[in-house]
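Have a look at data.txt; it's compact mmCIF, C-alpha atoms:
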# COMPACT_ATOMS: atom_id res chain seq x y z
CA MET U 11 59.37 -15.46 -23.49
CA ALA U 12 56.40 -17.84 -23.65
CA LEU U 13 53.03 -16.35 -22.81
CA PHE U 14 50.45 -18.54 -21.10
CA ARG U 15 46.82 -18.09 -22.08
CA THR U 16 44.42 -17.04 -19.37
CA ASN U 17 40.63 -17.17 -19.86
CA ILE U 18 38.90 -14.56 -17.73
CA GLU U 19 35.24 -15.39 -17.02
CA TRP U 20 32.59 -15.75 -14.29
CA ASN U 21 30.74 -19.04 -14.40
CA ASN U 22 28.98 -19.52 -11.07
CA MET U 23 26.66 -16.59 -10.52
CA SER U 24 24.48 -17.02 -7.45
CA LYS U 25 21.07 -15.35 -7.30
CA ASP U 26 22.15 -12.79 -4.70
CA GLU U 27 25.77 -12.11 -5.75
CA MET U 28 26.15 -8.68 -7.35
CA VAL U 29 29.93 -8.36 -7.88
CA TYR U 30 32.65 -10.97 -8.35
CA LYS U 31 36.40 -10.23 -8.38
CA PHE U 32 38.29 -12.53 -10.71
CA PRO U 33 41.12 -14.23 -8.73
CA LEU U 34 44.53 -13.24 -10.10
CA LYS U 35 47.51 -14.80 -8.34
CA ASN U 36 50.14 -12.38 -9.61
CA SER U 37 48.20 -9.14 -9.38
CA GLY U 38 47.22 -9.38 -13.04
CA ARG U 39 50.65 -10.19 -14.45
CA GLU U 40 49.33 -13.46 -15.86
CA ILE U 41 47.09 -11.51 -18.26
CA ASN U 42 48.71 -11.05 -21.68
CA ARG U 43 47.88 -10.75 -25.37
CA ASN U 44 47.06 -14.46 -25.57
CA SER U 45 44.36 -14.13 -22.89
CA THR U 46 40.62 -13.99 -23.58
CA LEU U 47 37.74 -12.32 -21.77
CA THR U 48 34.25 -13.90 -21.76
CA VAL U 49 31.35 -11.72 -20.59
CA ARG U 50 28.01 -13.51 -20.49
CA GLU U 51 24.50 -12.06 -20.72
CA SER U 52 23.46 -10.10 -17.62
CA GLN U 53 27.15 -9.44 -16.88
CA VAL U 54 29.52 -6.51 -17.25
CA ALA U 55 33.31 -6.82 -16.85
CA VAL U 56 35.38 -3.96 -15.43
CA PHE U 57 39.17 -3.57 -15.68
CA VAL U 58 40.66 -1.54 -12.81
CA HIS U 59 44.25 -0.33 -12.91
CA LYS U 60 45.88 1.56 -10.04
CA GLY U 61 42.50 2.12 -8.42
CA GLU U 62 40.95 3.65 -11.55
CA ILE U 63 38.46 2.13 -13.97
CA ALA U 64 40.33 1.47 -17.22
CA ASP U 65 37.46 0.09 -19.24
CA ILE U 66 34.06 -1.64 -19.09
CA PHE U 67 33.14 -4.62 -21.29
CA THR U 68 29.55 -5.57 -22.20
CA PRO U 69 28.48 -9.19 -23.05
CA GLY U 70 30.73 -10.84 -25.64
CA ILE U 71 34.03 -12.69 -26.14
CA TYR U 72 37.18 -10.59 -26.34
CA LYS U 73 40.73 -11.60 -27.32
CA LEU U 74 43.17 -9.39 -25.49
CA ASP U 75 45.41 -8.71 -28.44
CA THR U 76 46.31 -5.72 -30.58
CA GLU U 77 42.65 -5.26 -31.62
CA ILE U 78 41.76 -3.70 -28.27
CA VAL U 79 45.08 -2.01 -27.46
CA PRO U 80 43.49 1.46 -27.90
CA ILE U 81 40.74 0.49 -25.46
CA LEU U 82 43.25 -0.52 -22.84
CA SER U 83 45.73 2.24 -23.50
CA LYS U 84 45.41 3.40 -19.90
CA LEU U 85 47.09 0.23 -18.74
CA SER U 86 50.82 0.83 -18.49
CA ALA U 87 53.08 -1.68 -20.25
CA TRP U 88 50.19 -3.12 -22.29
CA LYS U 89 52.24 -2.44 -25.41
CA TYR U 90 54.89 -4.70 -23.92
CA ALA U 91 52.42 -7.61 -23.74
CA PHE U 92 52.24 -7.33 -19.96
CA GLN U 93 55.85 -8.38 -19.61
CA THR U 94 56.60 -5.47 -17.28
CA PRO U 95 55.34 -5.22 -13.68
CA ILE U 96 51.68 -4.17 -13.56
CA THR U 97 48.77 -4.47 -11.18
CA LEU U 98 45.37 -5.21 -12.65
CA ASP U 99 42.00 -6.14 -11.11
CA VAL U 100 39.06 -7.57 -13.04
CA TYR U 101 35.53 -7.32 -11.67
CA PHE U 102 32.35 -8.89 -13.00
CA VAL U 103 29.09 -7.10 -12.19
CA ASN U 104 25.79 -8.98 -12.24
CA THR U 105 23.11 -6.88 -14.02
CA VAL U 106 20.25 -9.35 -13.59
CA GLN U 107 17.11 -8.21 -11.74
CA PHE U 108 17.10 -9.01 -8.01
CA THR U 109 13.50 -9.78 -7.03
CA ASN U 110 11.48 -10.55 -3.90
CA CYS U 111 13.34 -8.08 -1.71
CA GLN U 112 11.13 -7.38 1.29
CA TRP U 113 10.55 -4.06 3.04
CA GLY U 114 8.53 -3.28 6.16
CA THR U 115 8.30 -0.72 8.93
CA LYS U 116 9.96 -1.86 12.15
CA ASN U 117 8.12 0.90 13.99
CA PRO U 118 4.93 2.65 12.81
CA PHE U 119 5.34 6.11 11.34
CA ILE U 120 3.07 8.97 12.38
CA MET U 121 0.67 10.69 9.97
CA ARG U 122 -1.99 13.35 10.42
CA ASP U 123 -5.38 11.90 9.49
CA PRO U 124 -8.08 14.40 8.41
CA GLU U 125 -10.75 12.40 10.29
CA PHE U 126 -8.95 10.85 13.27
CA GLY U 127 -6.12 13.30 13.91
CA THR U 128 -2.59 12.02 14.63
CA ILE U 129 -2.36 8.29 13.96
CA ARG U 130 0.33 5.60 13.61
CA VAL U 131 0.59 3.49 10.44
CA ARG U 132 2.55 0.35 9.53
CA GLY U 133 3.27 -1.02 6.08
CA PHE U 134 5.07 -3.82 4.25
CA GLY U 135 5.67 -5.03 0.72
CA SER U 136 8.38 -6.02 -1.74
CA TYR U 137 10.61 -4.45 -4.38
CA ALA U 138 13.05 -5.42 -7.15
CA PHE U 139 16.17 -3.70 -8.46
CA ARG U 140 19.19 -4.19 -10.70
CA VAL U 141 22.54 -2.59 -11.46
CA ASP U 142 22.21 -0.10 -14.29
CA PRO U 143 24.44 -1.44 -17.13
CA ASP U 144 25.02 2.15 -18.30
CA ASN U 145 26.14 3.32 -14.84
CA VAL U 146 28.31 0.47 -13.58
CA ASP U 147 31.08 2.96 -12.79
CA LYS U 148 28.75 4.84 -10.42
CA PHE U 149 27.79 1.60 -8.67
CA LEU U 150 31.45 0.62 -8.15
CA LYS U 151 32.41 4.05 -6.86
CA GLU U 152 29.37 4.70 -4.63
CA LEU U 153 28.66 1.28 -3.12
CA PHE U 154 31.12 -1.46 -3.98
CA GLY U 155 34.63 -0.05 -3.60
CA THR U 156 37.40 -2.63 -3.80
CA SER U 157 35.87 -5.63 -1.99
CA SER U 158 36.32 -9.09 -3.43
CA THR U 159 32.58 -9.78 -3.46
CA PHE U 160 29.33 -7.91 -2.95
CA ARG U 161 25.87 -9.40 -2.29
CA THR U 162 22.32 -8.06 -2.09
CA ALA U 163 22.40 -8.54 1.70
CA ASP U 164 25.09 -5.84 1.86
CA ILE U 165 22.71 -3.20 0.48
CA LYS U 166 19.15 -4.37 1.24
CA GLU U 167 18.86 -2.60 4.59
CA PHE U 168 20.01 0.69 3.07
CA LEU U 169 17.56 0.42 0.16
CA LYS U 170 14.73 -0.58 2.50
CA SER U 171 15.28 2.50 4.70
CA LEU U 172 15.37 4.66 1.59
CA LEU U 173 12.05 3.26 0.33
CA ILE U 174 10.29 3.58 3.69
CA SER U 175 11.29 7.24 3.99
CA TYR U 176 9.83 8.00 0.55
CA ILE U 177 6.66 5.97 1.23
CA SER U 178 5.96 7.72 4.54
CA ASP U 179 6.61 11.07 2.88
CA ALA U 180 4.18 10.28 0.03
CA ILE U 181 1.43 9.17 2.44
CA GLY U 182 1.89 12.27 4.60
CA GLU U 183 1.69 14.58 1.59
CA SER U 184 -1.43 12.85 0.24
CA LYS U 185 -3.50 13.92 3.30
CA ILE U 186 -5.99 11.10 2.77
CA SER U 187 -7.70 9.24 5.60
CA VAL U 188 -6.22 6.02 6.94
CA VAL U 189 -9.42 4.19 5.94
CA ASP U 190 -8.65 5.03 2.28
CA LEU U 191 -5.04 3.81 2.27
CA ALA U 192 -5.90 0.30 1.07
CA GLY U 193 -7.71 1.72 -1.95
CA ASN U 194 -4.74 3.84 -3.05
CA THR U 195 -1.78 1.44 -2.89
CA VAL U 196 -1.35 1.41 -6.69
CA GLU U 197 -1.25 5.21 -6.76
CA PHE U 198 1.32 5.26 -3.94
CA ASN U 199 3.43 2.71 -5.85
CA THR U 200 3.55 5.02 -8.87
CA ILE U 201 4.32 8.15 -6.84
CA VAL U 202 7.06 6.59 -4.70
CA ARG U 203 8.68 4.79 -7.61
CA SER U 204 8.96 8.00 -9.65
CA LYS U 205 10.43 9.93 -6.71
CA VAL U 206 12.94 7.34 -5.51
CA GLN U 207 14.15 6.42 -9.00
CA GLU U 208 16.47 9.42 -9.16
CA LYS U 209 18.10 8.41 -5.88
CA PHE U 210 18.66 4.89 -7.20
CA LYS U 211 20.27 6.25 -10.36
CA GLU U 212 22.74 8.23 -8.27
CA LEU U 213 23.90 4.87 -6.88
CA GLY U 214 24.09 3.20 -10.29
CA LEU U 215 20.90 1.19 -9.64
CA ILE U 216 17.44 0.93 -11.19
CA LEU U 217 14.28 0.30 -9.15
CA THR U 218 12.44 -2.13 -11.44
CA ASN U 219 9.40 -2.80 -9.28
CA LEU U 220 7.77 -1.69 -6.04
CA VAL U 221 4.76 -3.29 -4.34
CA ILE U 222 2.93 -1.92 -1.29
CA GLU U 223 1.12 -5.02 -0.10
CA ASN U 224 -0.59 -3.63 2.97
CA MET U 225 -0.95 -0.53 5.11
CA SER U 226 -2.34 -1.07 8.62
CA VAL U 227 -2.81 0.66 11.96
CA PRO U 228 -2.00 -0.62 15.50
CA ASP U 229 -4.45 -3.04 17.13
CA GLU U 230 -5.98 -0.46 19.46
CA VAL U 231 -6.65 1.94 16.58
CA GLU U 232 -8.12 -0.86 14.51
CA LYS U 233 -10.44 -1.75 17.40
CA ALA U 234 -11.58 1.87 17.66
CA LEU U 235 -12.31 1.92 13.93
CA ASP U 236 -14.37 -1.28 14.30
CA GLU U 237 -16.37 0.32 17.13
CA ARG U 238 -17.02 3.39 15.01
CA SER U 239 -18.20 1.21 12.13
CA LYS U 240 -20.59 -0.62 14.48
CA TYR U 241 -22.10 2.62 15.72
CA GLY U 242 -22.41 3.81 12.14
CA ILE U 243 -24.49 0.72 11.31
CA LEU U 244 -26.72 1.37 14.34
CA GLY U 245 -27.44 4.91 13.23
CA GLY U 246 -24.36 7.00 13.83
CA SER U 247 -26.14 9.51 16.12
CA THR U 248 -24.58 10.60 19.39
CA ASP U 249 -27.68 9.43 21.30
CA VAL U 250 -27.41 5.91 19.92
CA MET U 251 -23.66 5.74 20.59
CA MET U 252 -24.09 6.90 24.21
CA LYS U 253 -26.91 4.44 24.93
CA VAL U 254 -25.04 1.48 23.42
CA ALA U 255 -21.81 2.40 25.24
CA ALA U 256 -23.66 2.81 28.55
CA ALA U 257 -25.44 -0.52 28.17
CA GLU U 258 -22.20 -2.35 27.40
CA ALA U 259 -20.38 -0.69 30.30
CA MET U 260 -23.11 -1.66 32.77
CA LYS U 261 -23.20 -5.19 31.40
CA GLU U 262 -19.44 -5.61 31.88
CA ALA U 263 -19.53 -4.02 35.34
CA ALA U 264 -22.30 -6.36 36.46
CA LYS U 265 -20.00 -9.32 35.75
CA ASN U 266 -17.44 -8.13 38.35
CA PRO U 267 -16.92 -11.07 40.73
CA GLY U 268 -14.38 -9.33 42.96
CA ASN U 269 -16.81 -7.63 45.34
CA PRO U 270 -20.21 -9.29 45.85
CA MET U 271 -21.81 -6.11 47.24
CA MET U 272 -20.35 -4.02 44.45
CA GLY U 273 -21.47 -6.60 41.92
CA ALA U 274 -24.95 -6.63 43.42
CA GLY U 275 -25.13 -2.85 43.49
CA VAL U 276 -23.87 -2.51 39.95
CA GLY U 277 -26.21 -5.28 38.87
CA ILE U 278 -29.16 -3.42 40.35
CA GLY U 279 -27.94 -0.21 38.76
CA ALA U 280 -27.56 -1.95 35.43
CA GLY U 281 -31.06 -3.35 35.73
CA VAL U 282 -32.48 0.07 36.57
CA GLY U 283 -30.52 1.71 33.74
CA ILE U 284 -31.55 -0.85 31.17
CA GLY U 285 -35.11 -0.69 32.43
CA SER U 286 -35.10 3.08 32.01
CA MET U 287 -33.80 2.79 28.46
CA MET U 288 -36.48 0.19 27.65
CA ALA U 289 -39.14 2.45 29.14
CA GLU U 290 -37.92 5.29 26.98
CA ALA U 291 -38.05 3.04 23.95
CA MET U 292 -41.59 1.84 24.78
CA LYS U 293 -42.67 5.42 25.37
CA GLY U 294 -41.38 6.34 21.94
CA MET U 295 -43.26 3.41 20.40
CA ASN U 296 -46.49 4.44 22.17
CA ASN U 297 -46.08 8.00 21.00
CA ASN U 298 -45.61 6.79 17.44
CA SER U 299 -48.67 4.52 17.75
CA ASN U 300 -50.84 7.29 19.17
CA SER U 301 -49.72 9.72 16.54
CA SER U 302 -51.03 7.36 13.87
CA GLN U 303 -54.55 7.34 15.42
CA ALA U 304 -57.11 10.05 14.60
CA PRO U 305 -57.84 12.62 17.38
CA ALA U 306 -61.25 12.44 19.09
CA ASP U 307 -62.17 15.93 17.84
CA ASN U 308 -62.14 14.66 14.24
CA LEU U 309 -64.74 11.90 14.79
CA ILE U 310 -68.33 12.12 13.53
CA ALA U 311 -71.44 9.91 13.80
CA CYS U 312 -72.50 7.74 10.88
CA PRO U 313 -75.89 9.07 9.64
CA SER U 314 -77.08 5.50 9.12
CA CYS U 315 -76.01 3.55 12.24
CA GLY U 316 -74.64 6.23 14.55
CA ALA U 317 -71.16 4.67 14.90
CA LYS U 318 -68.22 7.02 15.61
CA ILE U 319 -66.07 7.26 12.49
CA SER U 320 -63.39 9.56 11.08
CA ALA U 321 -64.60 12.75 9.47
CA ASN U 322 -62.52 11.88 6.39
CA ALA U 323 -63.98 8.38 5.95
CA LYS U 324 -65.83 7.70 2.68
CA PHE U 325 -67.69 4.63 3.96
CA CYS U 326 -68.87 3.59 7.45
CA PRO U 327 -66.83 0.60 8.70
CA GLU U 328 -69.87 -0.66 10.67
CA CYS U 329 -72.76 -0.54 8.16
CA GLY U 330 -71.02 0.24 4.87
CA LYS U 331 -73.00 3.45 4.29
CA ALA U 332 -71.40 5.77 1.71
CA LEU U 333 -70.38 9.05 3.31
CA GLY U 334 -69.32 12.50 2.21
CA SER U 335 -70.62 14.56 -0.68
CA LYS U 336 -72.72 13.13 -3.55
CA PHE U 337 -74.35 14.46 -6.70
CA CYS U 338 -77.99 14.84 -7.85
CA PRO U 339 -78.87 12.23 -10.52
CA GLU U 340 -81.19 14.76 -12.20
CA CYS U 341 -79.16 17.97 -12.49
CA GLY U 342 -75.71 16.85 -11.27
CA ALA U 343 -75.51 19.40 -8.48
CA LYS U 344 -73.31 18.60 -5.46
CA ILE U 345 -75.40 17.77 -2.37
CA SER U 346 -74.63 16.79 1.22
CA GLY U 347 -74.75 13.24 2.40
CA ASN U 348 -77.85 13.77 4.65
CA ALA U 349 -80.01 15.67 2.10
CA LYS U 350 -83.36 14.07 1.05
CA PHE U 351 -84.06 16.49 -1.83
CA CYS U 352 -81.78 18.26 -4.34
CA PRO U 353 -81.47 21.96 -3.38
CA GLU U 354 -81.18 22.91 -7.08
CA CYS U 355 -83.96 21.03 -8.89
CA GLY U 356 -85.98 19.53 -5.98
CA LYS U 357 -85.50 15.96 -7.12
CA LYS U 358 -86.27 13.48 -4.35
CA LEU U 359 -83.25 11.48 -3.36
The structure given in the file should be rewritten as structure tokens.
Amino acid sequence: MALFRTNIEWNNMSKDEMVYKFPLKNSGREINRNSTLTVRESQVAVFVHKGEIADIFTPGIYKLDTEIVPILSKLSAWKYAFQTPITLDVYFVNTVQFTNCQWGTKNPFIMRDPEFGTIRVRGFGSYAFRVDPDNVDKFLKELFGTSSTFRTADIKEFLKSLLISYISDAIGESKISVVDLAGNTVEFNTIVRSKVQEKFKELGLILTNLVIENMSVPDEVEKALDERSKYGILGGSTDVMMKVAAAEAMKEAAKNPGNPMMGAGVGIGAGVGIGSMMAEAMKGMNNNSNSSQAPADNLIACPSCGAKISANAKFCPECGKALGSKFCPECGAKISGNAKFCPECGKKL
């Protein structure tokens, strides 16, 4: 009986196709000892017989003759050169790295912030993965099954949900403030990748890369954080925050065009309130100014011109007279500024 040669190979790999089932018209009966198997780089070929994996072939060219009979011994009637009825399926698995897979939170997850309490956080980024060449059998059993083809779109949603659950868990366990999330994305990448890798291996996959591009909060929370930052620049005290908030509230209320009387009343109230705050500020400035001036009880008269000057002054600002203590040129004794003779040696000054 003549045996026709069949070349089993996968030529047209698309960038998102993970598994390709080689089309066999006669359920594998056309495969015989004259057939060849070509497995290219980034591919693995799998022979399945009666629903069980018979063997896995790594990159190379194989002639299906007596040289690999022991490898395919599980296939019934192989020793008869496939001349007896047999069912055989051949699958090619793409082991190249699938990149630019996006993940993102559809709804914000809740975390407990040490500064702001319970808060909602969103995040997004990308990841890359591949089929583990050493665990192709796990991948076929856990995810692929017996379909004729399998693409990244068939598994992306599942992997994305898996990643988000681990990311939210890592952020919750870190107990850092939401304002510090942006500065710790690299650390979160490392933590999440190490934790989720074991789960990927159980599926016959490898997580080759994970990027957390951004972590953000809802718009209203972001606005509150901006307000807090503004008050922090102004001083951060409760008094400053209350005065600024009151001034802004009165300013907005005064713009109300709905009720002229209400607008007028609020406008007057705003004017009075702002005037009171300005008076308080001016009062504080006056108090500071007065505190810098010398009290009247500490003023003395200049012995030369009689002008009122500070008791601590060393020279009179009116006549330039030297004030304070001086020393006798004869004996060096300390004498008062008004003395005419030295009390120690009697030298005339």
- Given the choices U:Val146, U:Val131, U:Val58, U:Leu217, which gets closest to Lys170 (chain U) if the distance is worked out from all atoms listed in the file?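 Of U:Val146, U:Val131, U:Val58, U:Leu217, the one nearest Lys170 (chain U) is U:Leu217, counting all atoms listed in the file.
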- Task: Write out as a list of chain:residue names each polymer residue whose atoms come within 6 Å of region 59-74 of chain U, counting all atoms listed in the file; drop sequence neighbours fewer than 6 positions from it.
- Result: U:Arg43, U:Ser45, U:Thr46, U:Leu47, U:Thr48, U:Val49, U:Arg50, U:Glu51, U:Leu98
- So how far away is CA of Lys324 (chain U) from CA of Cys338 (chain U), in Å? 17.6 Å
Determine the axis-aligned bounding box of all atoms of region 146-160 of chain U present in the file, pad each side by 5 Å, and express its centre and edge lengths in Å to one decimal place as lines of an AutoDock Vina configuration file.
center_x = 32.6
center_y = -2.5
center_z = -7.8
size_x = 19.6
size_y = 24.6
size_z = 21.6
- Mind giving me the straight-line distance from CA of Gly127 (chain U) to CA of Val206 (chain U) in Å, one decimal?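 Pair CA of Gly127 (chain U) / CA of Val206 (chain U) returns 27.9 Å.
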- To one decimal in Å, tell me the separation between CA of Lys25 (chain U) and CA of Gln112 (chain U). 15.4 Å
- Message: Ranking U:Val202, U:Ala311, U:Leu34, U:Cys111 by minimum distance to Pro327 (chain U) and counting all atoms listed in the file, which one comes first?
- Response: U:Ala311
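Restricting the calculation to all atoms listed in the file, the smallest distance between Pro118 (chain U) and any of U:Ala323, U:Ile201, U:Val227, U:Leu220 is found for U:Val227.
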- Message: If we draw a sphere of 8 Å around (19.7, -11.2, -5.0), which residues have at least one atom in it when counting only C-alpha atoms? Please report them as a PyMOL selection string.
- Response: chain U and resi 24-28+107-109+111+161-163
- So which residues touch Ser178 (chain U) within 9 Å, counting only C-alpha atoms, skipping near sequence neighbours fewer than 6 positions away, as a ChimeraX atom specification? /U:119-121
For the selection you just gave me, I'd like the residues written to a file as a PDB file, in the frame of the given file, keeping C-alpha atoms.
ATOM      1  CA  PHE U 119       5.340   6.110  11.340  1.00  0.00           C
ATOM      2  CA  ILE U 120       3.070   8.970  12.380  1.00  0.00           C
ATOM      3  CA  MET U 121       0.670  10.690   9.970  1.00  0.00           C
TER       4      MET U 121
END
- Please determine the residues with any atom at most 8 Å from (23.3, 2.4, -10.9) (coordinates as given in the file, with all atoms listed in the file counting) and report them as a list in words.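 Selection result: Arg140, Val141, Asp142, Pro143, Asp144, Asn145, Val146, Lys148, Phe149, Phe210, Lys211, Glu212, Leu213, Gly214, Leu215 and Ile216 of chain U.
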Output of the above residues as a compact mmCIF listing (two decimals), keeping the file's coordinate frame, restricted to C-alpha atoms:
# COMPACT_ATOMS: atom_id res chain seq x y z
CA ARG U 140 19.19 -4.19 -10.70
CA VAL U 141 22.54 -2.59 -11.46
CA ASP U 142 22.21 -0.10 -14.29
CA PRO U 143 24.44 -1.44 -17.13
CA ASP U 144 25.02 2.15 -18.30
CA ASN U 145 26.14 3.32 -14.84
CA VAL U 146 28.31 0.47 -13.58
CA LYS U 148 28.75 4.84 -10.42
CA PHE U 149 27.79 1.60 -8.67
CA PHE U 210 18.66 4.89 -7.20
CA LYS U 211 20.27 6.25 -10.36
CA GLU U 212 22.74 8.23 -8.27
CA LEU U 213 23.90 4.87 -6.88
CA GLY U 214 24.09 3.20 -10.29
CA LEU U 215 20.90 1.19 -9.64
CA ILE U 216 17.44 0.93 -11.19
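The shortest atom-to-atom distance to Ser136 (chain U), with only C-alpha atoms taken into account, belongs to U:Glu223 out of U:Glu183, U:Glu223, U:Glu208, U:Glu197.
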